[in-house]
Amino acid sequence: MPTIYDNIEQHLLDALRITLQDAESAGCCVGYFNLRGWGRLADIVASRFDGSDECCIRVLVGMHRAPEEEMRLAQGAARREVTLDGPTAARLRMRAAEGFKEQLEFGVPTAEAERALRQLARQLRSRQVRVKLFLRYPLHAKLYLVHRADPVAPLVAYLGSSNLTLAGLSAQGELNVDVLEQDAARKLQRWFDERWNDRFAFDISDELADLIESSWAREELVSP
């Protein structure tokens with residue numbers, strides 16, 4: 001029987017932290033990635049992953065659209081496959097970068113947030129963390145995958161409603177289940193890999209590191 005993680009009786013953050021302690025690699029697909037919320041997992045990532053292709057965590061972020069644009073799409077007769085040209089893809093990447101920049105500017109800077117952001121920037125530069133933006137179509141899936149050295153369940157999946165944010169992982173009510181049956185877990189891994197390798201999935205790791213390193217959370221002091 002799967003375990004239910006609703007952030008009331010069982011918290012997804014606790015399960016992820018335990019599973020990641022033995023991780024060889026990991027991946028997640030989410031609709032929303034909160035840069036400050038990364039601090040809850042950053043310490044384990046730093047200790048487990050060396051930044052090689054076989055030992056890193058891959059984060060695939062779905063594309064967000066404005067509410068009025070979502071409404072127009074919902075009112076369409078049928079869902080159409082999106083074809084992106086170069087300028088459109090560049091515009092969508094810029095829009096996503098602006099969204100991450102707004103995250104950094106929102107709220108009161110704290111020492112905890114500063115540490116988390118600086119650690120994330122270092123992990124992005126070292127390739128321990130790799131972030132891609134998925135632009136082929138709006139993607140709101142929430143999936144976490146962990147490969148580990150376990151003879152019974154070497155691949156663990158968590159599937160449900162939690163985004164990669166502090167609220168989604170522990171603070172607000174959600175509904176997630178673990179997937180330990182290996183055939184099902186491998187199918188989820190193939191689903192993730194297909195989207196990670198899609199030609200409309202763009203690596204934005206360096207852009208995110210640039211944003212952090214030019215923000216209030218930068219390592220060097222800002223001159224008066």
# chains A, B, ... in the order shown; residues from 1 in each chain; ligands from 1
$ select_by_dssp --residues "chain A" --states "helix (DSSP H, G or I)" --output "PyMOL selection string"
chain A and resi 12-20+36-48+67-74+86-105+111-125+166-171+182-196+205-213
$ residues_around --residues "Val61 in chain A" --least-positions-apart "6" --cutoff "7 Å" --atoms "only C-alpha atoms" --output "PyMOL selection string"
chain A and resi 29-33+132-134
$ residues_around --residues "range 160-173 of chain A" --least-positions-apart "6" --cutoff "12 Å" --atoms "only C-alpha atoms" --output "CSV table (one decimal) with all heavy atoms, in the first residue's frame"
chain,number,residue,atom,x,y,z
A,3,THR,N,2.1,5.1,0.8
A,3,THR,CA,2.0,6.0,1.9
A,3,THR,C,1.4,7.3,1.3
A,3,THR,O,1.9,7.8,0.3
A,3,THR,CB,3.3,6.2,2.6
A,3,THR,OG1,3.8,5.0,3.0
A,3,THR,CG2,3.2,7.2,3.7
A,4,ILE,N,0.5,7.9,2.0
A,4,ILE,CA,-0.1,9.2,1.6
A,4,ILE,C,0.7,10.3,2.4
A,4,ILE,O,0.8,10.3,3.6
A,4,ILE,CB,-1.6,9.3,1.9
A,4,ILE,CG1,-2.3,8.3,1.0
A,4,ILE,CG2,-2.1,10.7,1.8
A,4,ILE,CD1,-3.8,8.2,1.3
A,5,TYR,N,1.1,11.3,1.7
A,5,TYR,CA,1.8,12.5,2.2
A,5,TYR,C,0.9,13.7,2.0
A,5,TYR,O,0.8,14.2,0.9
A,5,TYR,CB,3.1,12.7,1.6
A,5,TYR,CG,4.1,11.5,1.8
A,5,TYR,CD1,4.1,10.5,0.9
A,5,TYR,CD2,4.8,11.4,3.0
A,5,TYR,CE1,5.0,9.4,1.1
A,5,TYR,CE2,5.6,10.3,3.2
A,5,TYR,CZ,5.7,9.3,2.3
A,5,TYR,OH,6.5,8.2,2.5
A,6,ASP,N,0.2,14.1,3.0
A,6,ASP,CA,-0.8,15.2,2.9
A,6,ASP,C,-0.3,16.5,3.7
A,6,ASP,O,-1.0,17.5,3.7
A,6,ASP,CB,-2.1,14.8,3.4
A,6,ASP,CG,-2.1,14.4,4.9
A,6,ASP,OD1,-1.1,14.4,5.5
A,6,ASP,OD2,-3.2,14.0,5.4
A,7,ASN,N,0.9,16.4,4.2
A,7,ASN,CA,1.5,17.5,5.0
A,7,ASN,C,0.7,17.8,6.3
A,7,ASN,O,0.9,18.9,6.9
A,7,ASN,CB,1.6,18.8,4.2
A,7,ASN,CG,2.7,18.7,3.1
A,7,ASN,OD1,3.5,17.8,3.1
A,7,ASN,ND2,2.6,19.6,2.1
A,8,ILE,N,-0.1,16.9,6.7
A,8,ILE,CA,-0.8,17.0,7.9
A,8,ILE,C,-0.4,15.8,8.9
A,8,ILE,O,0.2,16.1,9.9
A,8,ILE,CB,-2.3,16.9,7.7
A,8,ILE,CG1,-2.8,18.1,6.8
A,8,ILE,CG2,-3.1,16.9,9.1
A,8,ILE,CD1,-4.2,18.0,6.4
A,9,GLU,N,-0.6,14.6,8.4
A,9,GLU,CA,-0.1,13.5,9.2
A,9,GLU,C,1.3,13.1,8.7
A,9,GLU,O,2.1,12.6,9.5
A,9,GLU,CB,-1.1,12.3,9.1
A,9,GLU,CG,-2.4,12.6,9.7
A,9,GLU,CD,-3.3,11.4,9.6
A,9,GLU,OE1,-2.9,10.3,9.2
A,9,GLU,OE2,-4.5,11.5,10.1
A,10,GLN,N,1.5,13.1,7.4
A,10,GLN,CA,2.8,12.8,6.9
A,10,GLN,C,3.3,14.0,5.9
A,10,GLN,O,2.5,14.4,5.1
A,10,GLN,CB,2.8,11.5,6.0
A,10,GLN,CG,2.4,10.3,6.8
A,10,GLN,CD,3.6,9.6,7.5
A,10,GLN,OE1,4.7,10.1,7.5
A,10,GLN,NE2,3.3,8.5,8.2
A,11,HIS,N,4.5,14.4,6.1
A,11,HIS,CA,5.0,15.6,5.3
A,11,HIS,C,5.9,15.1,4.2
A,11,HIS,O,6.8,14.2,4.5
A,11,HIS,CB,5.8,16.6,6.2
A,11,HIS,CG,4.9,17.3,7.1
A,11,HIS,ND1,4.3,16.8,8.3
A,11,HIS,CD2,4.4,18.6,7.1
A,11,HIS,CE1,3.6,17.7,8.9
A,11,HIS,NE2,3.6,18.8,8.2
A,12,LEU,N,5.7,15.6,3.0
A,12,LEU,CA,6.5,15.1,1.9
A,12,LEU,C,7.9,15.6,2.1
A,12,LEU,O,8.9,14.8,1.7
A,12,LEU,CB,5.9,15.7,0.6
A,12,LEU,CG,6.7,15.4,-0.7
A,12,LEU,CD1,6.7,13.8,-0.9
A,12,LEU,CD2,6.1,16.1,-1.9
A,13,LEU,N,8.2,16.7,2.7
A,13,LEU,CA,9.5,17.2,2.9
A,13,LEU,C,10.3,16.1,3.7
A,13,LEU,O,11.5,15.8,3.4
A,13,LEU,CB,9.6,18.5,3.6
A,13,LEU,CG,10.9,19.1,4.0
A,13,LEU,CD1,11.8,19.3,2.7
A,13,LEU,CD2,10.8,20.4,4.8
A,14,ASP,N,9.7,15.6,4.8
A,14,ASP,CA,10.4,14.6,5.6
A,14,ASP,C,10.8,13.4,4.8
A,14,ASP,O,11.9,12.8,4.9
A,14,ASP,CB,9.5,14.2,6.8
A,14,ASP,CG,9.3,15.4,7.7
A,14,ASP,OD1,10.1,16.3,7.8
A,14,ASP,OD2,8.3,15.4,8.5
A,15,ALA,N,9.8,12.9,4.0
A,15,ALA,CA,10.1,11.7,3.2
A,15,ALA,C,11.2,12.0,2.2
A,15,ALA,O,12.1,11.1,2.0
A,15,ALA,CB,8.8,11.3,2.4
A,16,LEU,N,11.2,13.1,1.5
A,16,LEU,CA,12.2,13.4,0.5
A,16,LEU,C,13.6,13.5,1.2
A,16,LEU,O,14.6,13.0,0.6
A,16,LEU,CB,11.9,14.7,-0.2
A,16,LEU,CG,10.8,14.7,-1.3
A,16,LEU,CD1,10.5,16.1,-1.8
A,16,LEU,CD2,11.3,13.8,-2.4
A,17,ARG,N,13.7,14.1,2.3
A,17,ARG,CA,15.0,14.3,3.0
A,17,ARG,C,15.5,12.9,3.4
A,17,ARG,O,16.7,12.6,3.3
A,17,ARG,CB,14.8,15.2,4.3
A,17,ARG,CG,14.7,16.6,3.9
A,17,ARG,CD,14.7,17.5,5.2
A,17,ARG,NE,16.0,17.3,5.9
A,17,ARG,CZ,17.1,18.0,5.6
A,17,ARG,NH1,17.1,18.9,4.7
A,17,ARG,NH2,18.2,17.8,6.3
A,27,GLY,N,15.5,13.6,-9.7
A,27,GLY,CA,14.8,14.5,-10.6
A,27,GLY,C,13.5,14.8,-10.1
A,27,GLY,O,12.8,14.1,-9.4
A,28,CYS,N,13.0,16.0,-10.6
A,28,CYS,CA,11.6,16.4,-10.2
A,28,CYS,C,11.0,17.2,-11.3
A,28,CYS,O,11.8,18.0,-12.0
A,28,CYS,CB,11.6,17.1,-8.9
A,28,CYS,SG,12.6,18.5,-8.7
A,29,CYS,N,9.7,17.1,-11.5
A,29,CYS,CA,9.0,17.9,-12.4
A,29,CYS,C,7.9,18.6,-11.7
A,29,CYS,O,7.1,18.0,-11.0
A,29,CYS,CB,8.4,17.0,-13.5
A,29,CYS,SG,7.3,17.9,-14.7
A,30,VAL,N,7.9,20.0,-11.7
A,30,VAL,CA,7.0,20.7,-10.9
A,30,VAL,C,6.5,21.9,-11.7
A,30,VAL,O,7.1,22.3,-12.7
A,30,VAL,CB,7.7,21.3,-9.6
A,30,VAL,CG1,8.0,20.1,-8.6
A,30,VAL,CG2,8.9,22.1,-9.9
A,31,GLY,N,5.3,22.4,-11.3
A,31,GLY,CA,4.8,23.6,-12.0
A,31,GLY,C,5.5,24.9,-11.5
A,31,GLY,O,5.5,25.9,-12.2
A,32,TYR,N,6.0,24.8,-10.2
A,32,TYR,CA,6.5,26.0,-9.6
A,32,TYR,C,7.7,25.7,-8.8
A,32,TYR,O,7.7,24.7,-8.0
A,32,TYR,CB,5.4,26.7,-8.8
A,32,TYR,CG,5.8,28.1,-8.3
A,32,TYR,CD1,5.9,29.1,-9.2
A,32,TYR,CD2,6.0,28.3,-7.0
A,32,TYR,CE1,6.3,30.4,-8.8
A,32,TYR,CE2,6.3,29.6,-6.5
A,32,TYR,CZ,6.4,30.6,-7.4
A,32,TYR,OH,6.8,31.9,-7.0
A,33,PHE,N,8.7,26.4,-8.9
A,33,PHE,CA,10.0,26.2,-8.1
A,33,PHE,C,10.3,27.5,-7.4
A,33,PHE,O,10.5,28.5,-8.0
A,33,PHE,CB,11.1,25.9,-9.1
A,33,PHE,CG,12.5,25.7,-8.5
A,33,PHE,CD1,12.7,25.3,-7.2
A,33,PHE,CD2,13.6,26.1,-9.2
A,33,PHE,CE1,13.9,25.2,-6.6
A,33,PHE,CE2,14.9,26.0,-8.7
A,33,PHE,CZ,15.0,25.5,-7.4
A,34,ASN,N,10.3,27.4,-6.1
A,34,ASN,CA,10.6,28.6,-5.2
A,34,ASN,C,12.0,28.6,-4.8
A,34,ASN,O,12.5,27.7,-4.2
A,34,ASN,CB,9.7,28.6,-4.0
A,34,ASN,CG,9.9,29.9,-3.2
A,34,ASN,OD1,10.7,29.9,-2.3
A,34,ASN,ND2,9.1,30.9,-3.5
A,35,LEU,N,12.8,29.6,-5.2
A,35,LEU,CA,14.2,29.7,-5.0
A,35,LEU,C,14.5,29.7,-3.5
A,35,LEU,O,15.4,29.0,-3.1
A,35,LEU,CB,14.8,30.9,-5.7
A,35,LEU,CG,14.6,31.0,-7.2
A,35,LEU,CD1,15.2,32.3,-7.7
A,35,LEU,CD2,15.2,29.8,-7.9
A,36,ARG,N,13.8,30.4,-2.7
A,36,ARG,CA,14.1,30.5,-1.3
A,36,ARG,C,13.7,29.1,-0.6
A,36,ARG,O,14.4,28.7,0.3
A,36,ARG,CB,13.3,31.6,-0.6
A,36,ARG,CG,13.6,33.0,-1.1
A,36,ARG,CD,13.1,34.0,-0.1
A,36,ARG,NE,13.1,35.4,-0.7
A,36,ARG,CZ,13.0,36.4,0.0
A,36,ARG,NH1,12.8,36.4,1.3
A,36,ARG,NH2,13.0,37.6,-0.5
A,37,GLY,N,12.7,28.5,-1.1
A,37,GLY,CA,12.3,27.2,-0.4
A,37,GLY,C,13.3,26.1,-0.6
A,37,GLY,O,13.3,25.1,0.0
A,38,TRP,N,14.3,26.3,-1.6
A,38,TRP,CA,15.3,25.3,-1.8
A,38,TRP,C,16.1,25.0,-0.6
A,38,TRP,O,16.7,23.9,-0.4
A,38,TRP,CB,16.2,25.7,-3.0
A,38,TRP,CG,17.3,24.8,-3.3
A,38,TRP,CD1,18.6,24.9,-3.0
A,38,TRP,CD2,17.1,23.5,-4.0
A,38,TRP,NE1,19.3,23.8,-3.5
A,38,TRP,CE2,18.4,22.9,-4.0
A,38,TRP,CE3,16.0,22.9,-4.5
A,38,TRP,CZ2,18.6,21.7,-4.6
A,38,TRP,CZ3,16.2,21.6,-5.1
A,38,TRP,CH2,17.5,21.1,-5.2
A,39,GLY,N,16.2,25.9,0.3
A,39,GLY,CA,17.0,25.7,1.5
A,39,GLY,C,16.7,24.5,2.3
A,39,GLY,O,17.6,24.0,3.1
A,40,ARG,N,15.5,24.0,2.2
A,40,ARG,CA,15.1,22.8,3.0
A,40,ARG,C,15.8,21.5,2.5
A,40,ARG,O,15.8,20.5,3.2
A,40,ARG,CB,13.6,22.7,3.0
A,40,ARG,CG,12.9,23.9,3.6
A,40,ARG,CD,13.2,24.1,5.1
A,40,ARG,NE,12.6,25.3,5.5
A,40,ARG,CZ,12.2,25.5,6.8
A,40,ARG,NH1,12.2,24.5,7.6
A,40,ARG,NH2,11.7,26.7,7.2
A,41,LEU,N,16.3,21.5,1.2
A,41,LEU,CA,16.9,20.4,0.7
A,41,LEU,C,18.3,20.6,0.3
A,41,LEU,O,19.1,19.6,0.0
A,41,LEU,CB,16.1,20.0,-0.6
A,41,LEU,CG,14.7,19.6,-0.5
A,41,LEU,CD1,14.0,19.3,-1.9
A,41,LEU,CD2,14.5,18.3,0.4
A,59,VAL,N,15.8,19.5,-12.2
A,59,VAL,CA,14.6,20.1,-11.9
A,59,VAL,C,14.0,20.6,-13.1
A,59,VAL,O,14.5,21.5,-13.8
A,59,VAL,CB,14.8,21.3,-10.9
A,59,VAL,CG1,13.4,21.9,-10.5
A,59,VAL,CG2,15.5,20.8,-9.6
A,60,LEU,N,12.8,20.1,-13.5
A,60,LEU,CA,12.1,20.5,-14.7
A,60,LEU,C,10.9,21.3,-14.3
A,60,LEU,O,10.0,20.9,-13.5
A,60,LEU,CB,11.6,19.3,-15.5
A,60,LEU,CG,10.9,19.6,-16.8
A,60,LEU,CD1,11.9,20.2,-17.8
A,60,LEU,CD2,10.4,18.3,-17.4
A,61,VAL,N,10.9,22.6,-14.7
A,61,VAL,CA,9.8,23.5,-14.3
A,61,VAL,C,8.8,23.8,-15.4
A,61,VAL,O,9.3,24.1,-16.5
A,61,VAL,CB,10.4,24.9,-13.8
A,61,VAL,CG1,9.4,25.8,-13.3
A,61,VAL,CG2,11.5,24.6,-12.8
A,62,GLY,N,7.6,23.6,-15.2
A,62,GLY,CA,6.5,23.8,-16.2
A,62,GLY,C,6.3,25.3,-16.4
A,62,GLY,O,6.6,26.1,-15.5
A,103,GLN,N,10.5,36.7,-7.5
A,103,GLN,CA,10.6,35.9,-6.2
A,103,GLN,C,11.7,36.5,-5.3
A,103,GLN,O,11.5,36.6,-4.1
A,103,GLN,CB,11.0,34.5,-6.6
A,103,GLN,CG,9.9,33.6,-7.1
A,103,GLN,CD,10.4,32.2,-7.1
A,103,GLN,OE1,11.2,31.7,-6.2
A,103,GLN,NE2,10.0,31.4,-8.1
A,113,ALA,N,17.2,33.0,4.3
A,113,ALA,CA,17.0,33.1,2.8
A,113,ALA,C,18.3,33.4,2.1
A,113,ALA,O,18.6,32.8,1.0
A,113,ALA,CB,16.0,34.2,2.5
A,139,LEU,N,2.8,22.8,-18.3
A,139,LEU,CA,3.0,21.5,-17.6
A,139,LEU,C,2.9,21.8,-16.1
A,139,LEU,O,3.7,22.5,-15.5
A,139,LEU,CB,4.4,21.0,-17.9
A,139,LEU,CG,4.7,19.6,-17.4
A,139,LEU,CD1,3.8,18.6,-17.8
A,139,LEU,CD2,6.2,19.3,-17.8
A,140,HIS,N,1.9,21.2,-15.4
A,140,HIS,CA,1.7,21.4,-14.0
A,140,HIS,C,1.8,20.1,-13.2
A,140,HIS,O,1.3,20.0,-12.1
A,140,HIS,CB,0.3,21.9,-13.8
A,140,HIS,CG,0.0,23.3,-14.4
A,140,HIS,ND1,0.6,24.4,-13.9
A,140,HIS,CD2,-0.6,23.7,-15.6
A,140,HIS,CE1,0.2,25.5,-14.7
A,140,HIS,NE2,-0.5,25.0,-15.7
A,141,ALA,N,2.5,19.1,-13.8
A,141,ALA,CA,2.7,17.9,-13.1
A,141,ALA,C,3.7,18.1,-11.9
A,141,ALA,O,4.5,19.0,-11.8
A,141,ALA,CB,3.4,16.8,-14.0
A,142,LYS,N,3.5,17.2,-10.9
A,142,LYS,CA,4.3,17.2,-9.7
A,142,LYS,C,4.8,15.8,-9.4
A,142,LYS,O,4.1,14.9,-9.0
A,142,LYS,CB,3.6,17.7,-8.4
A,142,LYS,CG,3.3,19.2,-8.4
A,142,LYS,CD,2.1,19.6,-9.2
A,142,LYS,CE,1.8,21.1,-9.1
A,142,LYS,NZ,0.6,21.4,-9.9
A,143,LEU,N,6.1,15.6,-9.7
A,143,LEU,CA,6.7,14.3,-9.7
A,143,LEU,C,8.1,14.4,-9.1
A,143,LEU,O,8.9,15.3,-9.6
A,143,LEU,CB,6.7,13.7,-11.1
A,143,LEU,CG,7.5,12.4,-11.2
A,143,LEU,CD1,6.9,11.2,-10.4
A,143,LEU,CD2,7.7,12.0,-12.7
A,144,TYR,N,8.5,13.6,-8.2
A,144,TYR,CA,9.8,13.5,-7.6
A,144,TYR,C,10.3,12.1,-7.7
A,144,TYR,O,9.6,11.1,-7.4
A,144,TYR,CB,9.8,13.9,-6.1
A,144,TYR,CG,9.3,15.3,-5.9
A,144,TYR,CD1,7.9,15.6,-5.8
A,144,TYR,CD2,10.2,16.4,-5.7
A,144,TYR,CE1,7.4,16.9,-5.6
A,144,TYR,CE2,9.7,17.7,-5.5
A,144,TYR,CZ,8.3,17.9,-5.4
A,144,TYR,OH,7.9,19.2,-5.2
A,179,VAL,N,5.5,5.8,-4.9
A,179,VAL,CA,5.4,4.7,-5.9
A,179,VAL,C,6.7,3.9,-5.7
A,179,VAL,O,7.8,4.3,-6.1
A,179,VAL,CB,5.3,5.3,-7.3
A,179,VAL,CG1,5.2,4.1,-8.3
A,179,VAL,CG2,4.1,6.2,-7.4
$ select_by_dssp --residues "range 33-207 of chain A" --states "strand (DSSP E or B)" --output "count of residues only"
33
$ residues_around --residues "range 182-185 of chain A" --least-positions-apart "3" --cutoff "9 Å" --atoms "only C-alpha atoms" --output "number ranges by chain"
A: 145, 152-157, 179, 188-190
$ write_last_selection --atoms "all heavy atoms" --output "compact mmCIF listing (two decimals), in the first residue's frame"
# COMPACT_ATOMS: atom_id res chain seq x y z
N LEU A 145 11.56 11.97 -8.23
CA LEU A 145 12.18 10.67 -8.48
C LEU A 145 13.54 10.62 -7.80
O LEU A 145 14.34 11.55 -7.92
CB LEU A 145 12.37 10.46 -9.99
CG LEU A 145 11.09 10.40 -10.83
CD1 LEU A 145 11.38 10.82 -12.25
CD2 LEU A 145 10.49 9.00 -10.79
N VAL A 152 15.98 -3.58 -3.09
CA VAL A 152 14.55 -3.86 -3.25
C VAL A 152 13.86 -2.78 -4.08
O VAL A 152 13.12 -3.08 -5.03
CB VAL A 152 13.87 -3.99 -1.87
CG1 VAL A 152 12.37 -4.23 -2.04
CG2 VAL A 152 14.50 -5.12 -1.07
N ALA A 153 14.09 -1.51 -3.73
CA ALA A 153 13.43 -0.40 -4.43
C ALA A 153 14.48 0.65 -4.77
O ALA A 153 14.58 1.68 -4.11
CB ALA A 153 12.32 0.19 -3.58
N PRO A 154 15.29 0.41 -5.81
CA PRO A 154 16.33 1.37 -6.17
C PRO A 154 15.79 2.68 -6.72
O PRO A 154 16.51 3.68 -6.74
CB PRO A 154 17.15 0.63 -7.23
CG PRO A 154 16.21 -0.37 -7.80
CD PRO A 154 15.33 -0.79 -6.68
N LEU A 155 14.55 2.70 -7.18
CA LEU A 155 13.93 3.92 -7.68
C LEU A 155 12.65 4.19 -6.90
O LEU A 155 11.76 3.34 -6.84
CB LEU A 155 13.61 3.79 -9.18
CG LEU A 155 12.89 4.96 -9.84
CD1 LEU A 155 13.67 6.26 -9.69
CD2 LEU A 155 12.61 4.66 -11.30
N VAL A 156 12.58 5.36 -6.29
CA VAL A 156 11.39 5.77 -5.53
C VAL A 156 10.79 7.00 -6.20
O VAL A 156 11.51 7.94 -6.54
CB VAL A 156 11.74 6.11 -4.06
CG1 VAL A 156 10.50 6.56 -3.30
CG2 VAL A 156 12.38 4.91 -3.38
N ALA A 157 9.49 6.97 -6.41
CA ALA A 157 8.79 8.11 -6.99
C ALA A 157 7.76 8.63 -5.99
O ALA A 157 7.16 7.86 -5.23
CB ALA A 157 8.11 7.72 -8.30
N VAL A 179 5.53 5.81 -4.87
CA VAL A 179 5.42 4.72 -5.85
C VAL A 179 6.68 3.89 -5.72
O VAL A 179 7.77 4.29 -6.15
CB VAL A 179 5.27 5.26 -7.29
CG1 VAL A 179 5.16 4.10 -8.28
CG2 VAL A 179 4.06 6.18 -7.41
N LEU A 188 7.35 6.14 -14.83
CA LEU A 188 7.38 7.56 -14.47
C LEU A 188 8.73 8.18 -14.82
O LEU A 188 8.79 9.34 -15.25
CB LEU A 188 7.09 7.72 -12.97
CG LEU A 188 5.64 7.41 -12.54
CD1 LEU A 188 5.54 7.38 -11.02
CD2 LEU A 188 4.67 8.43 -13.12
N GLN A 189 9.81 7.42 -14.63
CA GLN A 189 11.13 7.93 -15.00
C GLN A 189 11.22 8.16 -16.50
O GLN A 189 11.77 9.19 -16.94
CB GLN A 189 12.21 6.93 -14.57
CG GLN A 189 13.63 7.38 -14.89
CD GLN A 189 14.06 8.59 -14.07
OE1 GLN A 189 14.15 8.50 -12.84
NE2 GLN A 189 14.32 9.71 -14.72
N ARG A 190 10.67 7.26 -17.32
CA ARG A 190 10.68 7.45 -18.76
C ARG A 190 9.86 8.67 -19.16
O ARG A 190 10.26 9.44 -20.05
CB ARG A 190 10.15 6.20 -19.47
CG ARG A 190 11.12 5.03 -19.47
CD ARG A 190 10.74 3.98 -20.48
NE ARG A 190 9.47 3.34 -20.16
CZ ARG A 190 9.35 2.27 -19.38
NH1 ARG A 190 10.42 1.72 -18.83
NH2 ARG A 190 8.17 1.74 -19.15
$ atom_distance --atom1 "CA of Arg195 in chain A" --atom2 "CA of Arg127 in chain A"
19.2 Å
$ atom_distance --atom1 "CA of Asp22 in chain A" --atom2 "CA of Glu114 in chain A"
27.1 Å
$ atom_distance --atom1 "CA of Ser47 in chain A" --atom2 "CA of Asn197 in chain A"
26.4 Å
$ residues_around --residues "range 207-219 of chain A" --least-positions-apart "2" --cutoff "10 Å" --atoms "only C-alpha atoms" --output "ChimeraX atom specification"
/A:35,93-94,97-98,100-101,104-105,109-111,113-125,131,203-205,221-222
$ closest_residue --among "A:Asp193, A:Ala96, A:Tyr158, A:Thr19" --to "Glu181 in chain A" --atoms "only C-alpha atoms"
A:Tyr158
